[in-house]
>>> print(open('coords33.pdb').read())   # PDB, C-alpha atoms, pLDDT in the B column
ATOM      1  CA  MET A 241     -10.846  12.936   2.929  1.00 60.00           C
ATOM      2  CA  VAL A 242      -9.041  13.185  -0.403  1.00 64.00           C
ATOM      3  CA  PHE A 243      -7.633   9.670  -0.099  1.00 70.00           C
ATOM      4  CA  ARG A 244     -11.053   8.115   0.506  1.00 74.00           C
ATOM      5  CA  ARG A 245     -12.297   9.826  -2.658  1.00 72.00           C
ATOM      6  CA  PHE A 246      -9.356   8.347  -4.612  1.00 70.00           C
ATOM      7  CA  LEU A 247     -10.330   4.895  -3.320  1.00 70.00           C
ATOM      8  CA  GLY A 248     -13.977   5.458  -4.134  1.00 69.00           C
ATOM      9  CA  LEU A 249     -14.901   4.788  -0.494  1.00 70.00           C
ATOM     10  CA  ASP A 250     -16.283   8.254   0.176  1.00 66.00           C
ATOM     11  CA  ARG A 251     -19.065   8.442  -2.372  1.00 53.00           C
ATOM     12  CA  SER A 252     -20.666  11.395  -0.581  1.00 48.00           C
ATOM     13  CA  ALA A 253     -17.483  13.384  -1.192  1.00 44.00           C
ATOM     14  CA  ASP A 254     -18.221  13.322  -4.920  1.00 43.00           C
ATOM     15  CA  ALA A 255     -21.315  15.399  -4.358  1.00 42.00           C
ATOM     16  CA  PRO A 256     -19.848  18.836  -3.414  1.00 41.00           C
ATOM     17  CA  ALA A 257     -19.860  21.257  -6.292  1.00 40.00           C
ATOM     18  CA  ARG A 258     -16.517  22.177  -7.752  1.00 40.00           C
ATOM     19  CA  ARG A 259     -15.230  25.687  -7.209  1.00 40.00           C
ATOM     20  CA  ALA A 260     -15.222  28.254  -9.978  1.00 43.00           C
ATOM     21  CA  GLY A 261     -12.866  27.231 -12.761  1.00 46.00           C
ATOM     22  CA  GLY A 262     -13.412  23.522 -12.085  1.00 48.00           C
ATOM     23  CA  GLU A 263     -10.868  23.281  -9.251  1.00 45.00           C
ATOM     24  CA  ALA A 264     -11.498  20.297  -6.982  1.00 44.00           C
ATOM     25  CA  PRO A 265     -11.986  20.981  -3.262  1.00 45.00           C
ATOM     26  CA  VAL A 266      -8.884  20.206  -1.216  1.00 45.00           C
ATOM     27  CA  GLN A 267      -9.911  21.767   2.093  1.00 46.00           C
ATOM     28  CA  ASP A 268      -9.896  18.513   4.068  1.00 50.00           C
ATOM     29  CA  LEU A 269      -6.174  17.944   3.510  1.00 46.00           C
ATOM     30  CA  ALA A 270      -5.249  21.629   3.456  1.00 41.00           C
ATOM     31  CA  ASP A 271      -6.642  22.006   6.995  1.00 46.00           C
ATOM     32  CA  SER A 272      -3.895  19.741   8.333  1.00 47.00           C
ATOM     33  CA  ALA A 273      -1.101  20.815   6.010  1.00 43.00           C
ATOM     34  CA  GLU A 274      -1.421  24.446   4.964  1.00 45.00           C
ATOM     35  CA  THR A 275       1.559  24.712   2.671  1.00 62.00           C
ATOM     36  CA  GLU A 276       1.452  25.816  -0.911  1.00 73.00           C
ATOM     37  CA  THR A 277       3.547  22.800  -1.929  1.00 66.00           C
ATOM     38  CA  VAL A 278       1.068  20.329  -0.451  1.00 65.00           C
ATOM     39  CA  ARG A 279      -1.849  22.149  -2.060  1.00 72.00           C
ATOM     40  CA  ARG A 280      -0.123  21.981  -5.462  1.00 74.00           C
ATOM     41  CA  ILE A 281       0.603  18.254  -5.087  1.00 66.00           C
ATOM     42  CA  VAL A 282      -2.953  17.499  -3.984  1.00 73.00           C
ATOM     43  CA  ALA A 283      -4.285  19.497  -6.936  1.00 78.00           C
ATOM     44  CA  ARG A 284      -2.066  17.432  -9.282  1.00 79.00           C
ATOM     45  CA  LEU A 285      -3.286  14.203  -7.703  1.00 81.00           C
ATOM     46  CA  GLU A 286      -6.896  15.289  -7.959  1.00 84.00           C
ATOM     47  CA  ALA A 287      -6.287  16.123 -11.615  1.00 85.00           C
ATOM     48  CA  LEU A 288      -5.454  12.472 -12.322  1.00 86.00           C
ATOM     49  CA  PRO A 289      -8.124  10.507 -14.164  1.00 88.00           C
ATOM     50  CA  PRO A 290     -10.346   8.836 -11.519  1.00 87.00           C
ATOM     51  CA  ALA A 291      -9.304   5.300 -12.524  1.00 88.00           C
ATOM     52  CA  GLU A 292      -5.605   6.209 -12.258  1.00 89.00           C
ATOM     53  CA  ALA A 293      -6.107   7.892  -8.875  1.00 88.00           C
ATOM     54  CA  ARG A 294      -8.036   4.875  -7.588  1.00 89.00           C
ATOM     55  CA  TYR A 295      -5.291   2.506  -8.739  1.00 92.00           C
ATOM     56  CA  LEU A 296      -2.586   4.619  -7.111  1.00 92.00           C
ATOM     57  CA  ALA A 297      -4.470   5.021  -3.833  1.00 90.00           C
ATOM     58  CA  SER A 298      -5.388   1.341  -3.486  1.00 92.00           C
ATOM     59  CA  PHE A 299      -1.853   0.218  -4.427  1.00 95.00           C
ATOM     60  CA  ALA A 300      -0.338   2.434  -1.709  1.00 94.00           C
ATOM     61  CA  TYR A 301      -2.999   1.476   0.830  1.00 93.00           C
ATOM     62  CA  VAL A 302      -2.410  -2.269   0.424  1.00 95.00           C
ATOM     63  CA  MET A 303       1.339  -1.757   0.864  1.00 96.00           C
ATOM     64  CA  SER A 304       0.637   0.270   4.011  1.00 95.00           C
ATOM     65  CA  ARG A 305      -1.567  -2.566   5.229  1.00 95.00           C
ATOM     66  CA  ALA A 306       1.378  -4.957   4.832  1.00 95.00           C
ATOM     67  CA  ALA A 307       3.696  -2.535   6.627  1.00 95.00           C
ATOM     68  CA  GLU A 308       1.204  -2.097   9.486  1.00 93.00           C
ATOM     69  CA  ALA A 309       1.041  -5.880  10.100  1.00 93.00           C
ATOM     70  CA  ASP A 310       3.368  -5.584  13.095  1.00 88.00           C
ATOM     71  CA  LEU A 311       1.518  -2.443  14.282  1.00 89.00           C
ATOM     72  CA  ASP A 312       4.373  -0.173  13.266  1.00 89.00           C
ATOM     73  CA  ILE A 313       5.411   1.333   9.943  1.00 93.00           C
ATOM     74  CA  SER A 314       9.153   1.939  10.064  1.00 94.00           C
ATOM     75  CA  ASP A 315      11.010   4.655   8.177  1.00 95.00           C
ATOM     76  CA  GLU A 316      12.511   2.019   5.891  1.00 96.00           C
ATOM     77  CA  GLU A 317       9.052   0.591   5.137  1.00 96.00           C
ATOM     78  CA  SER A 318       7.784   4.102   4.399  1.00 96.00           C
ATOM     79  CA  ARG A 319      10.658   4.720   1.988  1.00 96.00           C
ATOM     80  CA  LEU A 320       9.874   1.472   0.173  1.00 96.00           C
ATOM     81  CA  ILE A 321       6.179   2.370  -0.102  1.00 97.00           C
ATOM     82  CA  GLU A 322       7.183   5.747  -1.568  1.00 96.00           C
ATOM     83  CA  ARG A 323       9.615   4.136  -4.000  1.00 97.00           C
ATOM     84  CA  PHE A 324       7.130   1.507  -5.166  1.00 97.00           C
ATOM     85  CA  THR A 325       4.323   4.078  -5.430  1.00 96.00           C
ATOM     86  CA  ALA A 326       6.483   6.236  -7.699  1.00 95.00           C
ATOM     87  CA  GLU A 327       7.751   3.242  -9.687  1.00 95.00           C
ATOM     88  CA  TYR A 328       4.456   1.431 -10.226  1.00 93.00           C
ATOM     89  CA  GLY A 329       2.129   4.417 -10.003  1.00 90.00           C
ATOM     90  CA  GLY A 330       4.006   6.616 -12.445  1.00 89.00           C
ATOM     91  CA  VAL A 331       4.062   9.659 -10.174  1.00 91.00           C
ATOM     92  CA  ASP A 332       6.913  11.913  -9.149  1.00 91.00           C
ATOM     93  CA  PRO A 333       8.649  11.550  -5.746  1.00 92.00           C
ATOM     94  CA  ALA A 334       6.707  14.429  -4.154  1.00 90.00           C
ATOM     95  CA  GLN A 335       3.390  12.918  -5.193  1.00 91.00           C
ATOM     96  CA  ALA A 336       4.535   9.470  -4.072  1.00 94.00           C
ATOM     97  CA  LEU A 337       5.455  10.884  -0.655  1.00 92.00           C
ATOM     98  CA  LEU A 338       2.046  12.483  -0.236  1.00 91.00           C
ATOM     99  CA  VAL A 339       0.168   9.371  -1.378  1.00 92.00           C
ATOM    100  CA  THR A 340       2.286   7.265   1.006  1.00 93.00           C
ATOM    101  CA  GLU A 341       1.538   9.530   3.963  1.00 91.00           C
ATOM    102  CA  MET A 342      -2.178   9.531   3.157  1.00 90.00           C
ATOM    103  CA  ALA A 343      -2.195   5.740   2.726  1.00 90.00           C
ATOM    104  CA  LYS A 344      -0.363   5.184   6.027  1.00 91.00           C
ATOM    105  CA  PHE A 345      -2.763   7.507   7.842  1.00 89.00           C
ATOM    106  CA  GLN A 346      -5.793   5.794   6.317  1.00 86.00           C
ATOM    107  CA  ALA A 347      -4.421   2.309   7.080  1.00 85.00           C
ATOM    108  CA  ARG A 348      -3.893   3.273  10.719  1.00 85.00           C
ATOM    109  CA  LEU A 349      -7.280   4.973  10.964  1.00 83.00           C
ATOM    110  CA  GLN A 350      -9.404   2.461   9.056  1.00 77.00           C
ATOM    111  CA  GLY A 351      -7.207  -0.654   9.159  1.00 73.00           C
ATOM    112  CA  GLY A 352      -9.253  -3.778   9.669  1.00 79.00           C
ATOM    113  CA  THR A 353     -12.539  -2.249   8.591  1.00 81.00           C
ATOM    114  CA  GLU A 354     -11.523  -1.335   5.048  1.00 87.00           C
ATOM    115  CA  ASP A 355      -8.557  -3.638   4.388  1.00 92.00           C
ATOM    116  CA  TYR A 356     -10.616  -6.242   2.571  1.00 92.00           C
ATOM    117  CA  VAL A 357     -12.678  -3.663   0.642  1.00 91.00           C
ATOM    118  CA  VAL A 358      -9.622  -1.766  -0.605  1.00 92.00           C
ATOM    119  CA  THR A 359      -7.689  -4.912  -1.518  1.00 94.00           C
ATOM    120  CA  ARG A 360     -10.673  -6.262  -3.457  1.00 94.00           C
ATOM    121  CA  GLU A 361     -11.013  -2.862  -5.143  1.00 92.00           C
ATOM    122  CA  PHE A 362      -7.408  -3.153  -6.320  1.00 94.00           C
ATOM    123  CA  ARG A 363      -8.105  -6.667  -7.517  1.00 96.00           C
ATOM    124  CA  SER A 364     -11.051  -5.451  -9.602  1.00 94.00           C
ATOM    125  CA  ILE A 365      -9.110  -2.662 -11.347  1.00 93.00           C
ATOM    126  CA  SER A 366      -5.772  -4.387 -11.927  1.00 96.00           C
ATOM    127  CA  THR A 367      -4.238  -7.004 -14.175  1.00 97.00           C
ATOM    128  CA  VAL A 368      -2.762 -10.249 -12.860  1.00 97.00           C
ATOM    129  CA  ASP A 369       0.744  -8.868 -13.461  1.00 97.00           C
ATOM    130  CA  GLN A 370      -0.088  -5.745 -11.442  1.00 97.00           C
ATOM    131  CA  ARG A 371      -1.427  -7.883  -8.599  1.00 98.00           C
ATOM    132  CA  ILE A 372       1.736  -9.991  -8.627  1.00 98.00           C
ATOM    133  CA  ALA A 373       3.833  -6.810  -8.546  1.00 97.00           C
ATOM    134  CA  LEU A 374       1.838  -5.581  -5.547  1.00 97.00           C
ATOM    135  CA  LEU A 375       2.322  -8.895  -3.740  1.00 98.00           C
ATOM    136  CA  ARG A 376       6.080  -8.724  -4.403  1.00 97.00           C
ATOM    137  CA  CYS A 377       6.117  -5.157  -3.007  1.00 97.00           C
ATOM    138  CA  CYS A 378       4.272  -6.334   0.128  1.00 97.00           C
ATOM    139  CA  PHE A 379       6.827  -9.084   0.726  1.00 96.00           C
ATOM    140  CA  ALA A 380       9.674  -6.590   0.170  1.00 96.00           C
ATOM    141  CA  ILE A 381       8.137  -4.203   2.700  1.00 96.00           C
ATOM    142  CA  GLY A 382       7.818  -7.030   5.231  1.00 94.00           C
ATOM    143  CA  ALA A 383      11.491  -7.856   4.647  1.00 94.00           C
ATOM    144  CA  ALA A 384      12.626  -4.230   5.009  1.00 94.00           C
ATOM    145  CA  ASP A 385      14.279  -4.921   8.378  1.00 92.00           C
ATOM    146  CA  GLY A 386      15.760  -8.209   7.182  1.00 91.00           C
ATOM    147  CA  THR A 387      13.070 -10.519   8.609  1.00 91.00           C
ATOM    148  CA  ILE A 388       9.467 -11.183   7.621  1.00 93.00           C
ATOM    149  CA  THR A 389       7.727 -11.932  10.906  1.00 91.00           C
ATOM    150  CA  ALA A 390       4.922 -14.453  11.272  1.00 91.00           C
ATOM    151  CA  GLU A 391       2.448 -11.553  11.604  1.00 93.00           C
ATOM    152  CA  GLU A 392       3.732  -9.935   8.429  1.00 94.00           C
ATOM    153  CA  ALA A 393       3.648 -13.234   6.522  1.00 94.00           C
ATOM    154  CA  THR A 394       0.068 -13.831   7.691  1.00 95.00           C
ATOM    155  CA  VAL A 395      -1.097 -10.426   6.463  1.00 96.00           C
ATOM    156  CA  VAL A 396       0.701 -10.760   3.112  1.00 97.00           C
ATOM    157  CA  ASN A 397      -0.808 -14.237   2.639  1.00 96.00           C
ATOM    158  CA  GLN A 398      -4.245 -12.768   3.381  1.00 97.00           C
ATOM    159  CA  ILE A 399      -3.620 -10.012   0.831  1.00 98.00           C
ATOM    160  CA  ALA A 400      -2.640 -12.659  -1.741  1.00 98.00           C
ATOM    161  CA  ARG A 401      -5.926 -14.522  -1.123  1.00 97.00           C
ATOM    162  CA  GLU A 402      -7.960 -11.310  -1.443  1.00 97.00           C
ATOM    163  CA  LEU A 403      -6.153 -10.553  -4.712  1.00 98.00           C
ATOM    164  CA  ASP A 404      -7.253 -14.004  -5.977  1.00 97.00           C
ATOM    165  CA  LEU A 405      -3.716 -15.000  -6.906  1.00 97.00           C
ATOM    166  CA  GLU A 406      -3.103 -18.658  -7.664  1.00 97.00           C
ATOM    167  CA  PRO A 407      -1.232 -20.558  -4.900  1.00 96.00           C
ATOM    168  CA  ASP A 408       1.648 -21.493  -7.224  1.00 97.00           C
ATOM    169  CA  VAL A 409       2.112 -17.795  -8.112  1.00 97.00           C
ATOM    170  CA  VAL A 410       2.099 -16.837  -4.425  1.00 96.00           C
ATOM    171  CA  ASN A 411       4.598 -19.598  -3.647  1.00 95.00           C
ATOM    172  CA  THR A 412       6.899 -18.412  -6.447  1.00 96.00           C
ATOM    173  CA  VAL A 413       6.895 -14.837  -5.110  1.00 96.00           C
ATOM    174  CA  ARG A 414       7.275 -16.036  -1.494  1.00 94.00           C
ATOM    175  CA  ALA A 415      10.291 -18.125  -2.550  1.00 94.00           C
ATOM    176  CA  GLU A 416      12.073 -14.916  -3.566  1.00 94.00           C
ATOM    177  CA  PHE A 417      11.953 -13.906   0.124  1.00 93.00           C
ATOM    178  CA  HIS A 418      12.551 -17.375   1.592  1.00 90.00           C
ATOM    179  CA  GLU A 419      15.699 -16.367   3.483  1.00 89.00           C
ATOM    180  CA  GLN A 420      13.905 -13.463   5.222  1.00 87.00           C
ATOM    181  CA  LEU A 421      10.999 -15.521   6.610  1.00 87.00           C
ATOM    182  CA  SER A 422      11.250 -15.690  10.399  1.00 77.00           C
ATOM    183  CA  SER A 423      10.109 -19.330  10.421  1.00 70.00           C
ATOM    184  CA  VAL A 424      13.006 -20.278   8.138  1.00 69.00           C
ATOM    185  CA  ARG A 425      15.452 -18.320  10.281  1.00 67.00           C
ATOM    186  CA  ALA A 426      14.149 -20.012  13.429  1.00 68.00           C
ATOM    187  CA  LEU A 427      14.593 -23.468  11.872  1.00 62.00           C
ATOM    188  CA  ARG A 428      18.135 -22.597  10.808  1.00 63.00           C
ATOM    189  CA  ARG A 429      18.975 -21.347  14.306  1.00 71.00           C
ATOM    190  CA  ALA A 430      17.517 -24.494  15.855  1.00 71.00           C
ATOM    191  CA  SER A 431      19.380 -26.803  13.508  1.00 70.00           C
ATOM    192  CA  GLY A 432      22.568 -24.761  13.938  1.00 69.00           C
ATOM    193  CA  SER A 433      22.398 -24.997  17.700  1.00 50.00           C
ATOM    194  CA  SER A 434      21.729 -28.751  17.579  1.00 42.00           C
ATOM    195  CA  ASP A 435      24.659 -29.202  15.178  1.00 40.00           C
ATOM    196  CA  THR A 436      27.020 -27.571  17.636  1.00 39.00           C
ATOM    197  CA  ALA A 437      25.650 -29.398  20.652  1.00 37.00           C
TER     198      ALA A 437
END
>>> encode(input="coords33.pdb", output="structure tokens")
Amino acid sequence: MVFRRFLGLDRSADAPARRAGGEAPVQDLADSAETETVRRIVARLEALPPAEARYLASFAYVMSRAAEADLDISDEESRLIERFTAEYGGVDPAQALLVTEMAKFQARLQGGTEDYVVTREFRSISTVDQRIALLRCCFAIGAADGTITAEEATVVNQIARELDLEPDVVNTVRAEFHEQLSSVRALRRASGSSDTA
């Protein structure tokens, strides 16, 4: 699949010869989405330098991993992944949409088996500032519905560990989303109900 090639996980996919004129094969994605628009976007993505494509794919995948923590990726989470992919990946909205859809599909299909590998791949090709930005995006995606559940917080904390971010950095980013953490909300509800009792 195109996305696995971007991530560098499908090494055997690098082997097929390119078509005449140097055009990269896009048949695997075109089979499921036979529109000229999709083919043009995929061709533009495949024209990216390999390092840039790998960065973009792993960035979107890790965000999808965070969104999938509660076993559902909502429309709002998808929109945030698209927005962050365009913003931090430097691609246009159409490309960001396609990368998001591919990342979500791959996270659902391979989630668990490749989560660690892809997150460590991102860690190896990114700067500390880029890893912090990704962590902030993951927290924002978890908070998309107003609450970061315990499951979402657990996955984002795991991502932070796999990105090798220092605990004080993680705590600083987490503090930005303090009010959305479900554990904080539960404590406030409990103390509020005891205050009125």
>>> closest_residue(input="coords33.pdb", among="A:Arg245, A:Lys344, A:Arg414, A:Arg371", to="Ala306 (chain A)", atoms="only C-alpha atoms")
A:Lys344
>>> closest_residue(input="coords33.pdb", among="A:Arg305, A:Arg348, A:Arg363, A:Arg284", to="Ala336 (chain A)", atoms="all atoms listed in the file")
A:Arg284
>>> resolve_selection(input="coords33.pdb", expression="the PyMOL selection byres ((chain A and resi 343) around 7)", output="JSON, numbers by chain")
{"A": [297, 300, 301, 304, 339, 340, 341, 342, 344, 345, 346, 347]}
>>> closest_residue(input="coords33.pdb", among="A:Pro333, A:Tyr295, A:Ala283, A:Gln350", to="Thr367 (chain A)", atoms="only C-alpha atoms")
A:Tyr295
>>> atom_distance(input="coords33.pdb", atom1="CA of Arg376 (chain A)", atom2="CA of Ser423 (chain A)")
18.7 Å
>>> closest_residue(input="coords33.pdb", among="A:Glu286, A:Val368, A:Cys378, A:Ala383", to="Val396 (chain A)", atoms="only C-alpha atoms")
A:Cys378
>>> atom_distance(input="coords33.pdb", atom1="CA of Ala393 (chain A)", atom2="CA of Ser422 (chain A)")
8.9 Å
>>> residues_around(input="coords33.pdb", residues="Leu405 (chain A)", least_positions_apart="3", cutoff="8 Å", atoms="only C-alpha atoms", output="list in words")
Val368, Arg371, Ile372, Ala400, Arg401, Glu402, Val409 and Val410 of chain A
>>> atom_distance(input="coords33.pdb", atom1="CA of Ala380 (chain A)", atom2="CA of Ile321 (chain A)")
9.6 Å
>>> resolve_selection(input="coords33.pdb", expression="the PyMOL selection byres ((chain A and resi 296) around 9)", output="list of chain:residue names")
A:Phe246, A:Leu247, A:Ala291, A:Glu292, A:Ala293, A:Arg294, A:Tyr295, A:Ala297, A:Ser298, A:Phe299, A:Ala300, A:Tyr301, A:Thr325, A:Tyr328, A:Gly329, A:Gly330, A:Val331, A:Val339
>>> write_last_selection(input="coords33.pdb", atoms="C-alpha atoms", output="tab-separated table (two decimals), in the coordinates of the input")
chain	number	residue	atom	x	y	z
A	246	PHE	CA	-9.36	8.35	-4.61
A	247	LEU	CA	-10.33	4.89	-3.32
A	291	ALA	CA	-9.30	5.30	-12.52
A	292	GLU	CA	-5.60	6.21	-12.26
A	293	ALA	CA	-6.11	7.89	-8.88
A	294	ARG	CA	-8.04	4.88	-7.59
A	295	TYR	CA	-5.29	2.51	-8.74
A	297	ALA	CA	-4.47	5.02	-3.83
A	298	SER	CA	-5.39	1.34	-3.49
A	299	PHE	CA	-1.85	0.22	-4.43
A	300	ALA	CA	-0.34	2.43	-1.71
A	301	TYR	CA	-3.00	1.48	0.83
A	325	THR	CA	4.32	4.08	-5.43
A	328	TYR	CA	4.46	1.43	-10.23
A	329	GLY	CA	2.13	4.42	-10.00
A	330	GLY	CA	4.01	6.62	-12.44
A	331	VAL	CA	4.06	9.66	-10.17
A	339	VAL	CA	0.17	9.37	-1.38
>>> closest_residue(input="coords33.pdb", among="A:Ser314, A:Thr353, A:Thr359, A:Ser366", to="Asp385 (chain A)", atoms="only C-alpha atoms")
A:Ser314
>>> closest_residue(input="coords33.pdb", among="A:Glu391, A:Asp404, A:Ile399, A:Val282", to="Leu338 (chain A)", atoms="all atoms listed in the file")
A:Val282
>>> axis_aligned_box(input="coords33.pdb", around="region 302-320 of chain A", padding_each_side="6 Å", output="JSON")
{"center_x": 5.1, "center_y": -0.6, "center_z": 7.2, "size_x": 26.9, "size_y": 22.6, "size_z": 26.1}
>>> residues_around(input="coords33.pdb", residues="Leu320 (chain A)", least_positions_apart="4", cutoff="8 Å", atoms="only C-alpha atoms", output="list in words")
Glu316, Phe324, Ile381 and Ala384 of chain A
>>> write_last_selection(input="coords33.pdb", atoms="C-alpha atoms", output="mmCIF file, in the frame of the given file")
data_model
loop_
_atom_site.group_PDB
_atom_site.id
_atom_site.type_symbol
_atom_site.label_atom_id
_atom_site.label_comp_id
_atom_site.auth_asym_id
_atom_site.auth_seq_id
_atom_site.Cartn_x
_atom_site.Cartn_y
_atom_site.Cartn_z
ATOM 1 C CA GLU A 316 12.511 2.019 5.891
ATOM 2 C CA PHE A 324 7.130 1.507 -5.166
ATOM 3 C CA ILE A 381 8.137 -4.203 2.700
ATOM 4 C CA ALA A 384 12.626 -4.230 5.009
#
